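Everything below belongs to my_file_2.pdb, which stores PDB, C-alpha atoms.
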ATOM      1  CA  MET A 291     154.099 -58.246  88.256
ATOM      2  CA  MET A 292     154.471 -55.111  86.142
ATOM      3  CA  GLN A 293     151.509 -54.339  83.889
ATOM      4  CA  SER A 294     151.733 -52.525  80.604
ATOM      5  CA  GLU A 295     151.103 -48.774  80.551
ATOM      6  CA  HIS A 296     148.679 -49.328  77.660
ATOM      7  CA  PHE A 297     145.264 -50.809  78.266
ATOM      8  CA  ASP A 298     141.813 -50.956  76.738
ATOM      9  CA  LEU A 299     139.128 -49.442  78.952
ATOM     10  CA  ASN A 300     136.550 -51.600  77.155
ATOM     11  CA  ASP A 301     138.355 -54.888  77.863
ATOM     12  CA  ILE A 302     136.489 -56.317  80.876
ATOM     13  CA  GLN A 303     138.734 -59.383  80.935
ATOM     14  CA  HIS A 304     141.865 -57.327  81.630
ATOM     15  CA  GLU A 305     140.787 -54.282  83.585
ATOM     16  CA  PRO A 306     143.359 -51.568  84.294
ATOM     17  CA  THR A 307     144.847 -51.265  87.745
ATOM     18  CA  ASP A 308     144.059 -48.360  90.044
ATOM     19  CA  ALA A 309     147.566 -47.032  89.351
ATOM     20  CA  GLN A 310     146.948 -47.163  85.585
ATOM     21  CA  LEU A 311     143.616 -45.376  85.983
ATOM     22  CA  GLU A 312     145.214 -42.734  88.195
ATOM     23  CA  ALA A 313     147.982 -42.196  85.623
ATOM     24  CA  LEU A 314     145.344 -41.870  82.897
ATOM     25  CA  MET A 315     143.326 -39.345  84.926
ATOM     26  CA  ASN A 316     146.476 -37.346  85.659
ATOM     27  CA  SER A 317     147.475 -37.255  81.994
ATOM     28  CA  VAL A 318     143.943 -36.190  81.000
ATOM     29  CA  ALA A 319     143.992 -33.410  83.609
ATOM     30  CA  THR A 320     147.419 -32.253  82.449
ATOM     31  CA  GLU A 321     146.287 -32.112  78.820
ATOM     32  CA  ALA A 322     143.054 -30.305  79.765
ATOM     33  CA  ASN A 323     145.050 -27.712  81.704
ATOM     34  CA  ARG A 324     147.465 -27.271  78.789
ATOM     35  CA  ARG A 325     144.610 -26.750  76.337
ATOM     36  CA  ALA A 326     142.885 -24.323  78.701
ATOM     37  CA  GLU A 327     146.105 -22.308  79.004
ATOM     38  CA  VAL A 328     146.465 -22.151  75.197
ATOM     39  CA  ALA A 329     142.821 -21.074  74.837
ATOM     40  CA  LYS A 330     143.287 -18.413  77.525
ATOM     41  CA  GLU A 331     146.348 -17.010  75.744
ATOM     42  CA  VAL A 332     144.457 -16.872  72.431
ATOM     43  CA  LEU A 333     141.517 -15.084  74.072
ATOM     44  CA  MET A 334     143.803 -12.637  75.882
ATOM     45  CA  GLN A 335     145.614 -11.804  72.648
ATOM     46  CA  ARG A 336     142.286 -11.249  70.894
ATOM     47  CA  LEU A 337     141.193  -8.971  73.748
ATOM     48  CA  ARG A 338     144.436  -6.964  73.553
ATOM     49  CA  ASP A 339     143.999  -6.645  69.780
ATOM     50  CA  GLU A 340     140.401  -5.464  70.177
ATOM     51  CA  ILE A 341     141.386  -2.912  72.828
ATOM     52  CA  ALA A 342     144.180  -1.611  70.608
ATOM     53  CA  ALA A 343     141.788  -1.349  67.648
ATOM     54  CA  ALA A 344     139.216   0.494  69.782
ATOM     55  CA  ASN A 345     141.853   2.907  71.038
ATOM     56  CA  ARG A 346     143.052   3.573  67.478
ATOM     57  CA  SER A 347     139.522   4.266  66.241
ATOM     58  CA  ARG A 348     138.855   6.563  69.214
ATOM     59  CA  VAL A 349     142.015   8.571  68.495
ATOM     60  CA  ALA A 350     141.183   8.776  64.780
ATOM     61  CA  ALA A 351     137.632  10.015  65.437
TER      62      ALA A 351
END

Structure encoded using structure tokens:
Amino acid sequence: MMQSEHFDLNDIQHEPTDAQLEALMNSVATEANRRAEVAKEVLMQRLRDEIAAANRSRVAA
């Protein structure tokens, strides 16, 4: 019997299967990694901008 991909974690009458929980955990981990990568890129760009600004002010001084 094939169960739906969608389930309610609060529904104790129809608990998700281990496979559904594993799929959920994998999708959460994937999204967390994606968000971390975006945040890292934003921080790295900010760092590069700050370094460039510091170098410009040092040359101008």

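CA of Asn300 (chain A) to CA of Asn316 (chain A) spans 19.3 Å [interatomic distance, one decimal].
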
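Nearest residue to Gln310 (chain A), choosing from A:His296, A:Lys330, A:Arg336, A:Ala351 and counting only C-alpha atoms: A:His296.
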
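CA of Leu314 (chain A) is found 21.2 Å from CA of Val328 (chain A).
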
Where atoms are absent from region 309-325 of chain A, fill them in so it carries N, CA, C and O atoms, then output it as a CSV table (one decimal), in the coordinates of the input.
chain,number,residue,atom,x,y,z
A,309,ALA,N,146.4,-47.9,89.7
A,309,ALA,CA,147.6,-47.0,89.4
A,309,ALA,C,147.5,-46.6,87.9
A,309,ALA,O,147.8,-45.4,87.6
A,310,GLN,N,147.1,-47.5,87.0
A,310,GLN,CA,146.9,-47.2,85.6
A,310,GLN,C,145.8,-46.1,85.4
A,310,GLN,O,146.0,-45.2,84.6
A,311,LEU,N,144.7,-46.3,86.1
A,311,LEU,CA,143.6,-45.4,86.0
A,311,LEU,C,144.0,-44.0,86.5
A,311,LEU,O,143.7,-43.0,86.0
A,312,GLU,N,144.8,-44.0,87.6
A,312,GLU,CA,145.2,-42.7,88.2
A,312,GLU,C,146.2,-42.0,87.2
A,312,GLU,O,146.1,-40.8,87.0
A,313,ALA,N,147.1,-42.8,86.6
A,313,ALA,CA,148.0,-42.2,85.6
A,313,ALA,C,147.2,-41.6,84.4
A,313,ALA,O,147.5,-40.5,83.9
A,314,LEU,N,146.2,-42.4,84.0
A,314,LEU,CA,145.3,-41.9,82.9
A,314,LEU,C,144.6,-40.6,83.3
A,314,LEU,O,144.6,-39.6,82.5
A,315,MET,N,144.0,-40.5,84.5
A,315,MET,CA,143.3,-39.3,84.9
A,315,MET,C,144.3,-38.2,85.0
A,315,MET,O,143.9,-37.0,84.7
A,316,ASN,N,145.5,-38.4,85.5
A,316,ASN,CA,146.5,-37.3,85.7
A,316,ASN,C,146.9,-36.8,84.3
A,316,ASN,O,147.0,-35.6,84.1
A,317,SER,N,147.1,-37.7,83.3
A,317,SER,CA,147.5,-37.3,82.0
A,317,SER,C,146.3,-36.5,81.3
A,317,SER,O,146.6,-35.5,80.6
A,318,VAL,N,145.1,-36.9,81.6
A,318,VAL,CA,143.9,-36.2,81.0
A,318,VAL,C,143.9,-34.8,81.6
A,318,VAL,O,143.6,-33.8,80.9
A,319,ALA,N,144.0,-34.7,82.9
A,319,ALA,CA,144.0,-33.4,83.6
A,319,ALA,C,145.1,-32.5,83.1
A,319,ALA,O,144.9,-31.3,82.9
A,320,THR,N,146.3,-33.0,82.9
A,320,THR,CA,147.4,-32.3,82.4
A,320,THR,C,147.1,-31.7,81.1
A,320,THR,O,147.4,-30.5,80.8
A,321,GLU,N,146.6,-32.5,80.2
A,321,GLU,CA,146.3,-32.1,78.8
A,321,GLU,C,145.2,-31.1,78.8
A,321,GLU,O,145.2,-30.1,78.1
A,322,ALA,N,144.2,-31.3,79.7
A,322,ALA,CA,143.1,-30.3,79.8
A,322,ALA,C,143.6,-29.0,80.2
A,322,ALA,O,143.2,-27.9,79.7
A,323,ASN,N,144.5,-29.0,81.2
A,323,ASN,CA,145.0,-27.7,81.7
A,323,ASN,C,145.9,-27.0,80.6
A,323,ASN,O,145.9,-25.8,80.5
A,324,ARG,N,146.6,-27.8,79.9
A,324,ARG,CA,147.5,-27.3,78.8
A,324,ARG,C,146.6,-26.6,77.7
A,324,ARG,O,146.8,-25.5,77.3
A,325,ARG,N,145.5,-27.3,77.4
A,325,ARG,CA,144.6,-26.8,76.3
A,325,ARG,C,143.9,-25.5,76.8
A,325,ARG,O,143.7,-24.6,76.1
